[in-house]
Amino acid sequence: MYINNHSISPAKVVRGKNAWVKSLDLVTKLCKRPLIIGRSSSTRKIRSSFKKDLLLKGIQSISLELDHDCCELDIQKAHEVSRNNNCDGIIAAGGGKVLDTGKLIADLLDINCITVPLSASTCAGWTALSNIYTPDGKFVKDVTLKSCPNLLIFDHTIVRAAPPRTLASGIADAVAKWYESSLTSSASQDGFVQQAVQMARVLRDQLFLNGYEAFLNPLSNSWETVAEGCALTAGIIGGLGGSRCRTAAAHPIHNGLTQLTYTNKPLHGELVGFGLLVQLDLEEKNSNIQLPKQAKLQLLDFFSQLNLPVSVESICLGGKTSNELYKACKFACKYDSDIHQLPFPINENDLFEAIKNLQSTPISSKTIINNT
Ligand SMILES: [Zn+2]
């Protein structure tokens with residue numbers, strides 16, 4: 001039997017109402033001088049309250065606000081601040097890119113890592129993976145880390161207050177797990193991978209059933225199932241199934257589309273969701289079965305309900321020249337891209353055509369810009 005070395009889950013996960021406050025004793029056991037990192041001004045208040053809570057427990061923390069997406073510049077800065085202040089742990093509090101930066105610094109310095117997702121927009125709080133971007137948000141590469149975080153705190157009270165747009169984005173990212181993993185990993189002989197793929201299907205079904213109610217009403221029971229599905233279960237699937245289980249075309253298309261410049265930059269899951277529609281379009285063209293077409297129609301409907309972008313225009317690509325779009329396609333089809341895990345050959349011309357194809361699909365009732 002071959003050796004498969006992968007990190008499946010954080011050592012401890014605390015979830016529920018007021019999970020942060022209830023985890024304070026665990027946090028103080030893991031670090032005596034943590035670096036709290038975050039980014040947006042809208043979450044500054046939450047991070048200051050973390051600092052005060054820790055101080056009441058006798059812990060003096062250091063705070064750092066990042067300037068960009070998870071990029072070399074910010075990583076260097078956080079690395080330096082952490083070392084200069086003898087920090088013995090990282091508390092990353094924010095969205096996916098903040099969590100990715102925090103995990104990477106902790107990994108580089110071999111110190112404990114605590115992730116506190118402030119929205120359900122990705123499963124980055126869970127995984128042993130960091131995506132690296134340029135300072136202006138272009139995807140560069142992903143880095144596999146030595147382990148998942150030591151502690152993940154999923155505080156419902158905090159996450160419930162995040163903009164609904166972040167939940168919709170998390171839903172698109174999480175449903176993509178099924179459509180990507182079932183395509184690349186269904187034939188796997190590895191039991192963990194088979195189970196992860198099935199879990200991705202169950203998760204998709206739950207998101208179909210409860211996603212819209214959760215989006216409309218953060219106080220509903222559906223919200224708990226859906227938010228935890230996006231931020232936690234999606235992470236379990238990635239941990240259990242490993243890299244092979246993660247991506248087919250939707251994520252590589254996301255990586256390609258990040259190479260473009262946006263005035264209103266879509267969120268990670270919004271680009272992945274759009275990439276998923278393109279993936280299904282490619283599948284439809286390359287097979288004789290009706291399933292991809294039906295899945296695409298079903299997702300168009302579901303994404304529109306969630307106000308997710310479903311067309312070239314609504315993903316803010318309407319004004320892009322063919323040349324720019326072609327460059328994004330070239331990036332997505334690089335020789336080492338996961339897009340080549342598709343069960344048929346693919347090149348930038350096919351991808352370009354498939355993206356343009358989404359021009360004629362119905363535009364979501366409101367644009368993503370109005371749904372912040
Ligand atoms: Zn993703």
# chains A, B, ... in the order shown; residues from 1 in each chain; ligands from 1
call {"tool": "residues_around", "arguments": {"residues": "A:His156", "least_positions_apart": "5", "cutoff": "7 Å", "atoms": "only C-alpha atoms", "output": "short mmCIF file (atom, residue, chain, number, x, y, z; two decimals) with C-alpha atoms, in the first residue's frame"}}
result
data_model
loop_
_atom_site.label_atom_id
_atom_site.label_comp_id
_atom_site.auth_asym_id
_atom_site.auth_seq_id
_atom_site.Cartn_x
_atom_site.Cartn_y
_atom_site.Cartn_z
CA GLY A 16 -21.63 27.64 17.99
CA LYS A 17 -22.96 30.72 19.74
CA ASN A 18 -20.23 32.82 21.40
#
call {"tool": "residues_around", "arguments": {"residues": "stretch 72-85 of chain A", "least_positions_apart": "4", "cutoff": "9 Å", "atoms": "only C-alpha atoms", "output": "compact mmCIF listing (two decimals) with N, CA and C atoms, in the first residue's frame"}}
result
# COMPACT_ATOMS: atom_id res chain seq x y z
N ARG A 33 1.65 34.90 23.68
CA ARG A 33 1.89 36.19 23.01
C ARG A 33 1.51 36.08 21.53
N PRO A 34 0.21 36.06 21.27
CA PRO A 34 -0.23 35.84 19.88
C PRO A 34 -0.19 37.09 19.02
N LEU A 35 -0.07 36.86 17.73
CA LEU A 35 -0.21 37.94 16.75
C LEU A 35 -1.60 37.79 16.13
N ILE A 37 -4.02 38.74 13.31
CA ILE A 37 -3.98 39.39 12.00
C ILE A 37 -5.37 39.43 11.37
N ILE A 62 -0.37 41.11 19.99
CA ILE A 62 0.09 42.11 19.03
C ILE A 62 -0.92 42.10 17.89
N LEU A 64 -1.97 43.17 13.84
CA LEU A 64 -1.44 43.55 12.54
C LEU A 64 -2.56 43.55 11.51
N GLU A 65 -2.62 44.66 10.74
CA GLU A 65 -3.60 44.72 9.66
C GLU A 65 -2.87 44.51 8.33
N LEU A 66 -3.33 43.57 7.55
CA LEU A 66 -2.70 43.28 6.26
C LEU A 66 -3.16 44.31 5.23
N ASP A 67 -2.34 44.47 4.18
CA ASP A 67 -2.68 45.47 3.17
C ASP A 67 -3.32 44.87 1.92
N HIS A 68 -3.03 43.59 1.67
CA HIS A 68 -3.44 43.01 0.37
C HIS A 68 -4.07 41.64 0.59
N GLY A 89 2.24 32.40 18.59
CA GLY A 89 1.03 31.88 17.97
C GLY A 89 0.41 32.93 17.07
N ILE A 90 -0.38 32.46 16.11
CA ILE A 90 -1.09 33.39 15.21
C ILE A 90 -2.58 33.20 15.42
N THR A 101 -3.10 33.64 4.99
CA THR A 101 -1.85 34.31 5.39
C THR A 101 -1.45 33.84 6.79
N GLY A 102 -2.42 33.81 7.70
CA GLY A 102 -2.12 33.40 9.08
C GLY A 102 -1.57 31.99 9.15
N LEU A 104 -0.04 30.33 6.85
CA LEU A 104 1.28 30.24 6.24
C LEU A 104 2.38 30.77 7.17
N ILE A 105 2.11 31.89 7.86
CA ILE A 105 3.10 32.45 8.79
C ILE A 105 3.36 31.46 9.92
N ALA A 106 2.27 30.91 10.49
CA ALA A 106 2.43 29.95 11.59
C ALA A 106 3.26 28.76 11.11
N LEU A 108 5.51 28.75 8.65
CA LEU A 108 6.90 29.16 8.44
C LEU A 108 7.66 29.27 9.76
N LEU A 109 6.97 29.77 10.80
CA LEU A 109 7.63 30.00 12.08
C LEU A 109 7.49 28.82 13.04
N ILE A 132 -1.56 31.63 -2.66
CA ILE A 132 -0.76 32.86 -2.72
C ILE A 132 -1.20 33.68 -3.94
N TYR A 133 -1.33 34.98 -3.73
CA TYR A 133 -1.73 35.91 -4.79
C TYR A 133 -0.65 36.98 -4.94
N THR A 134 -0.72 37.77 -6.00
CA THR A 134 0.12 38.96 -6.10
C THR A 134 -0.55 40.04 -5.22
N PRO A 135 0.15 41.14 -4.92
CA PRO A 135 -0.49 42.16 -4.07
C PRO A 135 -1.79 42.68 -4.69
call {"tool": "residues_around", "arguments": {"residues": "A:Ala332", "least_positions_apart": "6", "cutoff": "7 Å", "atoms": "only C-alpha atoms", "output": "PyMOL selection string"}}
result
chain A and resi 252-253+255-256
call {"tool": "residues_near_ligand", "arguments": {"ligand": "ligand 1", "cutoff": "10 Å", "atoms": "only C-alpha atoms and all ligand atoms", "output": "list in words"}}
result
Gly96, Ser121, Thr122, Cys123, Ala124, Asn131, Ser169, Gly170, Ala172, Asp173, Ala174, Val175, Ala176, Lys177, Ala234, Gly235, Arg246, Thr247, Ala250, His251, Pro252, His254, Asn255, His268, Gly269, Glu270, Leu271, Val272 and Gly273 of chain A
call {"tool": "residues_around", "arguments": {"residues": "A:Glu324", "least_positions_apart": "6", "cutoff": "10 Å", "atoms": "only C-alpha atoms", "output": "PyMOL selection string"}}
result
chain A and resi 257+259-261+317+330
call {"tool": "write_last_selection", "arguments": {"atoms": "N, CA and C atoms", "output": "compact mmCIF listing (two decimals), in the first residue's frame"}}
result
# COMPACT_ATOMS: atom_id res chain seq x y z
N LEU A 257 -9.21 33.81 -14.06
CA LEU A 257 -9.97 35.06 -14.03
C LEU A 257 -9.40 36.07 -13.04
N GLN A 259 -6.47 36.87 -12.91
CA GLN A 259 -5.37 37.57 -13.61
C GLN A 259 -5.86 38.90 -14.22
N LEU A 260 -7.18 39.08 -14.29
CA LEU A 260 -7.74 40.30 -14.88
C LEU A 260 -7.88 41.40 -13.82
N THR A 261 -8.03 42.62 -14.30
CA THR A 261 -8.21 43.73 -13.37
C THR A 261 -9.70 44.04 -13.25
N LEU A 317 -17.05 40.98 -16.35
CA LEU A 317 -16.15 40.73 -17.48
C LEU A 317 -16.68 41.37 -18.75
N LYS A 330 -5.57 31.35 -21.02
CA LYS A 330 -4.23 30.77 -21.17
C LYS A 330 -3.67 30.40 -19.81
call {"tool": "residues_around", "arguments": {"residues": "A:Ala92", "least_positions_apart": "5", "cutoff": "9 Å", "atoms": "only C-alpha atoms", "output": "PDB file with C-alpha atoms, in the first residue's frame"}}
result
ATOM      1  CA  LEU A  35      -0.209  37.943  16.748  1.00  0.00           C
ATOM      2  CA  ILE A  36      -3.777  38.796  15.728  1.00  0.00           C
ATOM      3  CA  ILE A  37      -3.983  39.387  12.001  1.00  0.00           C
ATOM      4  CA  GLY A  38      -6.857  40.716   9.952  1.00  0.00           C
ATOM      5  CA  VAL A  98      -6.479  36.470   5.909  1.00  0.00           C
ATOM      6  CA  LEU A  99      -6.824  32.889   7.134  1.00  0.00           C
ATOM      7  CA  ASP A 100      -4.442  31.691   4.407  1.00  0.00           C
ATOM      8  CA  THR A 101      -1.852  34.314   5.393  1.00  0.00           C
ATOM      9  CA  GLY A 102      -2.124  33.398   9.082  1.00  0.00           C
ATOM     10  CA  LYS A 103      -1.752  29.681   8.426  1.00  0.00           C
ATOM     11  CA  CYS A 113      -2.222  28.618  14.536  1.00  0.00           C
ATOM     12  CA  ILE A 114      -5.755  29.596  15.486  1.00  0.00           C
ATOM     13  CA  THR A 115      -8.212  30.426  12.722  1.00  0.00           C
ATOM     14  CA  VAL A 116     -11.345  32.457  13.398  1.00  0.00           C
ATOM     15  CA  PRO A 117     -13.353  32.779  10.155  1.00  0.00           C
ATOM     16  CA  GLY A 125     -10.165  28.145   8.287  1.00  0.00           C
TER      17      GLY A 125
END
call {"tool": "closest_residue", "arguments": {"among": "A:Arg204, A:Lys51, A:Lys146, A:Lys45", "to": "A:His6", "atoms": "only C-alpha atoms"}}
result
A:Lys146
call {"tool": "residues_around", "arguments": {"residues": "A:His340", "least_positions_apart": "4", "cutoff": "12 Å", "atoms": "only C-alpha atoms", "output": "PyMOL selection string"}}
result
chain A and resi 183-184+244+247-253+279+332-336+344-348+351
call {"tool": "select_by_dssp", "arguments": {"residues": "stretch 239-324 of chain A", "states": "helix (DSSP H, G or I)", "output": "ChimeraX atom specification"}}
result
/A:239-241,243-245,250-257,268-285,291-305,322-324
call {"tool": "atom_distance", "arguments": {"atom1": "atom CA of A:Asn307", "atom2": "atom CA of A:Arg165"}}
result
7.9 Å
call {"tool": "atom_distance", "arguments": {"atom1": "atom CA of A:Ala120", "atom2": "atom CA of A:Val159"}}
result
6.8 Å
call {"tool": "residues_around", "arguments": {"residues": "A:Lys285", "least_positions_apart": "4", "cutoff": "12 Å", "atoms": "only C-alpha atoms", "output": "PyMOL selection string"}}
result
chain A and resi 278-281+289-293+344-346+350-351+353-354+357
call {"tool": "write_last_selection", "arguments": {"atoms": "N, CA and C atoms", "output": "PDB file, in the first residue's frame"}}
result
ATOM      1  N   VAL A 278     -18.998  27.308 -16.446  1.00  0.00           N
ATOM      2  CA  VAL A 278     -18.181  27.123 -17.659  1.00  0.00           C
ATOM      3  C   VAL A 278     -17.753  25.655 -17.768  1.00  0.00           C
ATOM      4  N   GLN A 279     -17.364  25.075 -16.612  1.00  0.00           N
ATOM      5  CA  GLN A 279     -16.960  23.666 -16.609  1.00  0.00           C
ATOM      6  C   GLN A 279     -18.089  22.771 -17.142  1.00  0.00           C
ATOM      7  N   LEU A 280     -19.320  23.034 -16.684  1.00  0.00           N
ATOM      8  CA  LEU A 280     -20.453  22.209 -17.120  1.00  0.00           C
ATOM      9  C   LEU A 280     -20.729  22.403 -18.608  1.00  0.00           C
ATOM     10  N   ASP A 281     -20.481  23.608 -19.095  1.00  0.00           N
ATOM     11  CA  ASP A 281     -20.632  23.883 -20.514  1.00  0.00           C
ATOM     12  C   ASP A 281     -19.623  23.055 -21.325  1.00  0.00           C
ATOM     13  N   ILE A 289     -24.044  12.848 -22.999  1.00  0.00           N
ATOM     14  CA  ILE A 289     -25.103  12.716 -21.992  1.00  0.00           C
ATOM     15  C   ILE A 289     -25.713  14.074 -21.641  1.00  0.00           C
ATOM     16  N   GLN A 290     -26.912  14.023 -21.092  1.00  0.00           N
ATOM     17  CA  GLN A 290     -27.677  15.236 -20.798  1.00  0.00           C
ATOM     18  C   GLN A 290     -27.358  15.837 -19.422  1.00  0.00           C
ATOM     19  N   LEU A 291     -26.665  15.032 -18.580  1.00  0.00           N
ATOM     20  CA  LEU A 291     -26.475  15.468 -17.188  1.00  0.00           C
ATOM     21  C   LEU A 291     -25.816  16.836 -17.021  1.00  0.00           C
ATOM     22  N   PRO A 292     -24.707  17.115 -17.744  1.00  0.00           N
ATOM     23  CA  PRO A 292     -24.077  18.427 -17.535  1.00  0.00           C
ATOM     24  C   PRO A 292     -25.006  19.585 -17.871  1.00  0.00           C
ATOM     25  N   LYS A 293     -25.802  19.417 -18.915  1.00  0.00           N
ATOM     26  CA  LYS A 293     -26.730  20.483 -19.312  1.00  0.00           C
ATOM     27  C   LYS A 293     -27.776  20.716 -18.219  1.00  0.00           C
ATOM     28  N   PHE A 344     -11.326  15.002 -20.693  1.00  0.00           N
ATOM     29  CA  PHE A 344     -11.179  15.253 -22.139  1.00  0.00           C
ATOM     30  C   PHE A 344     -10.125  16.351 -22.297  1.00  0.00           C
ATOM     31  N   PRO A 345      -9.473  16.409 -23.464  1.00  0.00           N
ATOM     32  CA  PRO A 345      -8.446  17.437 -23.645  1.00  0.00           C
ATOM     33  C   PRO A 345      -9.049  18.832 -23.697  1.00  0.00           C
ATOM     34  N   ILE A 346      -8.316  19.790 -23.198  1.00  0.00           N
ATOM     35  CA  ILE A 346      -8.832  21.160 -23.162  1.00  0.00           C
ATOM     36  C   ILE A 346      -7.712  22.136 -23.494  1.00  0.00           C
ATOM     37  N   ASP A 350     -10.892  26.407 -26.492  1.00  0.00           N
ATOM     38  CA  ASP A 350     -12.168  25.807 -26.035  1.00  0.00           C
ATOM     39  C   ASP A 350     -12.708  26.584 -24.841  1.00  0.00           C
ATOM     40  N   LEU A 351     -11.796  26.924 -23.928  1.00  0.00           N
ATOM     41  CA  LEU A 351     -12.219  27.615 -22.712  1.00  0.00           C
ATOM     42  C   LEU A 351     -12.765  29.007 -23.037  1.00  0.00           C
ATOM     43  N   GLU A 353     -14.164  29.988 -25.768  1.00  0.00           N
ATOM     44  CA  GLU A 353     -15.500  29.836 -26.375  1.00  0.00           C
ATOM     45  C   GLU A 353     -16.549  29.570 -25.301  1.00  0.00           C
ATOM     46  N   ALA A 354     -16.198  28.701 -24.335  1.00  0.00           N
ATOM     47  CA  ALA A 354     -17.163  28.332 -23.286  1.00  0.00           C
ATOM     48  C   ALA A 354     -17.492  29.544 -22.415  1.00  0.00           C
ATOM     49  N   ASN A 357     -19.758  31.806 -24.198  1.00  0.00           N
ATOM     50  CA  ASN A 357     -21.070  31.177 -24.262  1.00  0.00           C
ATOM     51  C   ASN A 357     -21.990  31.634 -23.142  1.00  0.00           C
TER      52      ASN A 357
END
call {"tool": "atom_distance", "arguments": {"atom1": "atom CA of A:Cys316", "atom2": "atom CA of A:Gly275"}}
result
13.5 Å
call {"tool": "select_by_dssp", "arguments": {"residues": "stretch 30-277 of chain A", "states": "strand (DSSP E)", "output": "MDAnalysis selection string"}}
result
chainID A and resid 34:38 62:65 89:94 112:117 129:133 139:144 151:155
call {"tool": "write_last_selection", "arguments": {"atoms": "N, CA and C atoms", "output": "short mmCIF file (atom, residue, chain, number, x, y, z; two decimals), in the first residue's frame"}}
result
data_model
loop_
_atom_site.label_atom_id
_atom_site.label_comp_id
_atom_site.auth_asym_id
_atom_site.auth_seq_id
_atom_site.Cartn_x
_atom_site.Cartn_y
_atom_site.Cartn_z
N PRO A 34 0.21 36.06 21.27
CA PRO A 34 -0.23 35.84 19.88
C PRO A 34 -0.19 37.09 19.02
N LEU A 35 -0.07 36.86 17.73
CA LEU A 35 -0.21 37.94 16.75
C LEU A 35 -1.60 37.79 16.13
N ILE A 36 -2.43 38.84 16.32
CA ILE A 36 -3.78 38.80 15.73
C ILE A 36 -3.71 39.47 14.37
N ILE A 37 -4.02 38.74 13.31
CA ILE A 37 -3.98 39.39 12.00
C ILE A 37 -5.37 39.43 11.37
N GLY A 38 -5.59 40.52 10.64
CA GLY A 38 -6.86 40.72 9.95
C GLY A 38 -6.63 41.69 8.83
N ILE A 62 -0.37 41.11 19.99
CA ILE A 62 0.09 42.11 19.03
C ILE A 62 -0.92 42.10 17.89
N SER A 63 -1.22 43.28 17.32
CA SER A 63 -2.19 43.31 16.22
C SER A 63 -1.52 43.73 14.92
N LEU A 64 -1.97 43.17 13.84
CA LEU A 64 -1.44 43.55 12.54
C LEU A 64 -2.56 43.55 11.51
N GLU A 65 -2.62 44.66 10.74
CA GLU A 65 -3.60 44.72 9.66
C GLU A 65 -2.87 44.51 8.33
N GLY A 89 2.24 32.40 18.59
CA GLY A 89 1.03 31.88 17.97
C GLY A 89 0.41 32.93 17.07
N ILE A 90 -0.38 32.46 16.11
CA ILE A 90 -1.09 33.39 15.21
C ILE A 90 -2.58 33.20 15.42
N ILE A 91 -3.30 34.30 15.53
CA ILE A 91 -4.76 34.23 15.50
C ILE A 91 -5.18 34.97 14.23
N ALA A 92 -5.62 34.21 13.24
CA ALA A 92 -6.04 34.82 11.97
C ALA A 92 -7.54 34.99 11.99
N ALA A 93 -8.01 36.23 11.92
CA ALA A 93 -9.45 36.51 12.02
C ALA A 93 -9.89 37.29 10.79
N GLY A 94 -10.63 36.62 9.89
CA GLY A 94 -11.07 37.30 8.68
C GLY A 94 -11.64 36.33 7.67
N ASN A 112 1.95 27.91 16.88
CA ASN A 112 0.55 27.47 16.83
C ASN A 112 -0.31 28.41 16.00
N CYS A 113 -1.35 27.83 15.41
CA CYS A 113 -2.22 28.62 14.54
C CYS A 113 -3.68 28.45 14.96
N ILE A 114 -4.33 29.60 15.15
CA ILE A 114 -5.75 29.60 15.49
C ILE A 114 -6.48 30.37 14.39
N THR A 115 -7.46 29.72 13.77
CA THR A 115 -8.21 30.43 12.72
C THR A 115 -9.61 30.77 13.25
N VAL A 116 -10.01 32.01 13.00
CA VAL A 116 -11.34 32.46 13.40
C VAL A 116 -12.01 33.06 12.15
N PRO A 117 -12.70 32.23 11.35
CA PRO A 117 -13.35 32.78 10.16
C PRO A 117 -14.43 33.79 10.58
N LEU A 129 -3.69 24.40 3.64
CA LEU A 129 -3.38 24.89 2.30
C LEU A 129 -3.48 26.41 2.31
N SER A 130 -2.53 27.09 1.65
CA SER A 130 -2.66 28.54 1.50
C SER A 130 -2.53 28.89 0.03
N ASN A 131 -3.44 29.72 -0.45
CA ASN A 131 -3.34 30.22 -1.83
C ASN A 131 -2.57 31.53 -1.80
N ILE A 132 -1.56 31.63 -2.66
CA ILE A 132 -0.76 32.86 -2.72
C ILE A 132 -1.20 33.68 -3.94
N TYR A 133 -1.33 34.98 -3.73
CA TYR A 133 -1.73 35.91 -4.79
C TYR A 133 -0.65 36.98 -4.94
N PHE A 139 -3.93 35.25 -8.78
CA PHE A 139 -3.52 33.97 -8.21
C PHE A 139 -2.13 33.59 -8.71
N VAL A 140 -1.27 33.13 -7.77
CA VAL A 140 0.07 32.68 -8.16
C VAL A 140 0.19 31.17 -8.03
N LYS A 141 -0.05 30.66 -6.81
CA LYS A 141 0.10 29.21 -6.57
C LYS A 141 -0.54 28.84 -5.25
N ASP A 142 -0.71 27.54 -5.01
CA ASP A 142 -1.10 27.15 -3.66
C ASP A 142 0.05 26.41 -2.99
N VAL A 143 0.09 26.54 -1.68
CA VAL A 143 1.16 25.94 -0.90
C VAL A 143 0.54 24.96 0.10
N THR A 144 1.06 23.73 0.13
CA THR A 144 0.59 22.76 1.11
C THR A 144 1.35 22.97 2.41
N LEU A 151 -6.37 25.11 16.21
CA LEU A 151 -7.71 25.38 16.73
C LEU A 151 -8.49 26.21 15.70
N LEU A 152 -9.71 25.79 15.42
CA LEU A 152 -10.59 26.58 14.55
C LEU A 152 -11.79 27.01 15.40
N ILE A 153 -12.05 28.29 15.44
CA ILE A 153 -13.20 28.78 16.21
C ILE A 153 -14.24 29.33 15.24
N PHE A 154 -15.38 28.66 15.17
CA PHE A 154 -16.43 29.10 14.25
C PHE A 154 -17.58 29.66 15.10
N ASP A 155 -17.50 30.96 15.32
CA ASP A 155 -18.42 31.64 16.23
C ASP A 155 -19.67 32.09 15.47
#
call {"tool": "decode", "arguments": {"residues": "stretch 55-68 of chain A", "atoms": "N, CA and C atoms", "output": "PDB file, in the first residue's frame"}}
result
ATOM      1  N   LEU A  55      -6.655  40.217  26.925  1.00  0.00           N
ATOM      2  CA  LEU A  55      -6.009  40.997  27.978  1.00  0.00           C
ATOM      3  C   LEU A  55      -6.622  40.672  29.346  1.00  0.00           C
ATOM      4  N   LEU A  56      -7.948  40.489  29.344  1.00  0.00           N
ATOM      5  CA  LEU A  56      -8.624  40.127  30.604  1.00  0.00           C
ATOM      6  C   LEU A  56      -8.148  38.772  31.132  1.00  0.00           C
ATOM      7  N   LYS A  57      -7.605  37.981  30.228  1.00  0.00           N
ATOM      8  CA  LYS A  57      -7.058  36.664  30.627  1.00  0.00           C
ATOM      9  C   LYS A  57      -5.550  36.762  30.879  1.00  0.00           C
ATOM     10  N   GLY A  58      -5.031  37.993  30.867  1.00  0.00           N
ATOM     11  CA  GLY A  58      -3.604  38.203  31.147  1.00  0.00           C
ATOM     12  C   GLY A  58      -2.712  37.989  29.932  1.00  0.00           C
ATOM     13  N   ILE A  59      -3.306  37.977  28.731  1.00  0.00           N
ATOM     14  CA  ILE A  59      -2.515  37.748  27.508  1.00  0.00           C
ATOM     15  C   ILE A  59      -2.381  39.055  26.730  1.00  0.00           C
ATOM     16  N   GLN A  60      -1.148  39.462  26.515  1.00  0.00           N
ATOM     17  CA  GLN A  60      -0.866  40.686  25.753  1.00  0.00           C
ATOM     18  C   GLN A  60      -0.630  40.278  24.291  1.00  0.00           C
ATOM     19  N   SER A  61      -1.545  40.662  23.418  1.00  0.00           N
ATOM     20  CA  SER A  61      -1.380  40.261  22.008  1.00  0.00           C
ATOM     21  C   SER A  61      -0.851  41.426  21.179  1.00  0.00           C
ATOM     22  N   ILE A  62      -0.369  41.106  19.988  1.00  0.00           N
ATOM     23  CA  ILE A  62       0.094  42.114  19.026  1.00  0.00           C
ATOM     24  C   ILE A  62      -0.924  42.104  17.886  1.00  0.00           C
ATOM     25  N   SER A  63      -1.219  43.278  17.324  1.00  0.00           N
ATOM     26  CA  SER A  63      -2.185  43.307  16.215  1.00  0.00           C
ATOM     27  C   SER A  63      -1.518  43.733  14.920  1.00  0.00           C
ATOM     28  N   LEU A  64      -1.971  43.167  13.842  1.00  0.00           N
ATOM     29  CA  LEU A  64      -1.443  43.553  12.536  1.00  0.00           C
ATOM     30  C   LEU A  64      -2.559  43.555  11.506  1.00  0.00           C
ATOM     31  N   GLU A  65      -2.621  44.658  10.738  1.00  0.00           N
ATOM     32  CA  GLU A  65      -3.600  44.719   9.661  1.00  0.00           C
ATOM     33  C   GLU A  65      -2.871  44.507   8.332  1.00  0.00           C
ATOM     34  N   LEU A  66      -3.335  43.566   7.554  1.00  0.00           N
ATOM     35  CA  LEU A  66      -2.702  43.279   6.262  1.00  0.00           C
ATOM     36  C   LEU A  66      -3.165  44.307   5.235  1.00  0.00           C
ATOM     37  N   ASP A  67      -2.342  44.468   4.182  1.00  0.00           N
ATOM     38  CA  ASP A  67      -2.679  45.475   3.168  1.00  0.00           C
ATOM     39  C   ASP A  67      -3.324  44.872   1.923  1.00  0.00           C
ATOM     40  N   HIS A  68      -3.029  43.595   1.666  1.00  0.00           N
ATOM     41  CA  HIS A  68      -3.440  43.014   0.374  1.00  0.00           C
ATOM     42  C   HIS A  68      -4.072  41.643   0.589  1.00  0.00           C
TER      43      HIS A  68
END
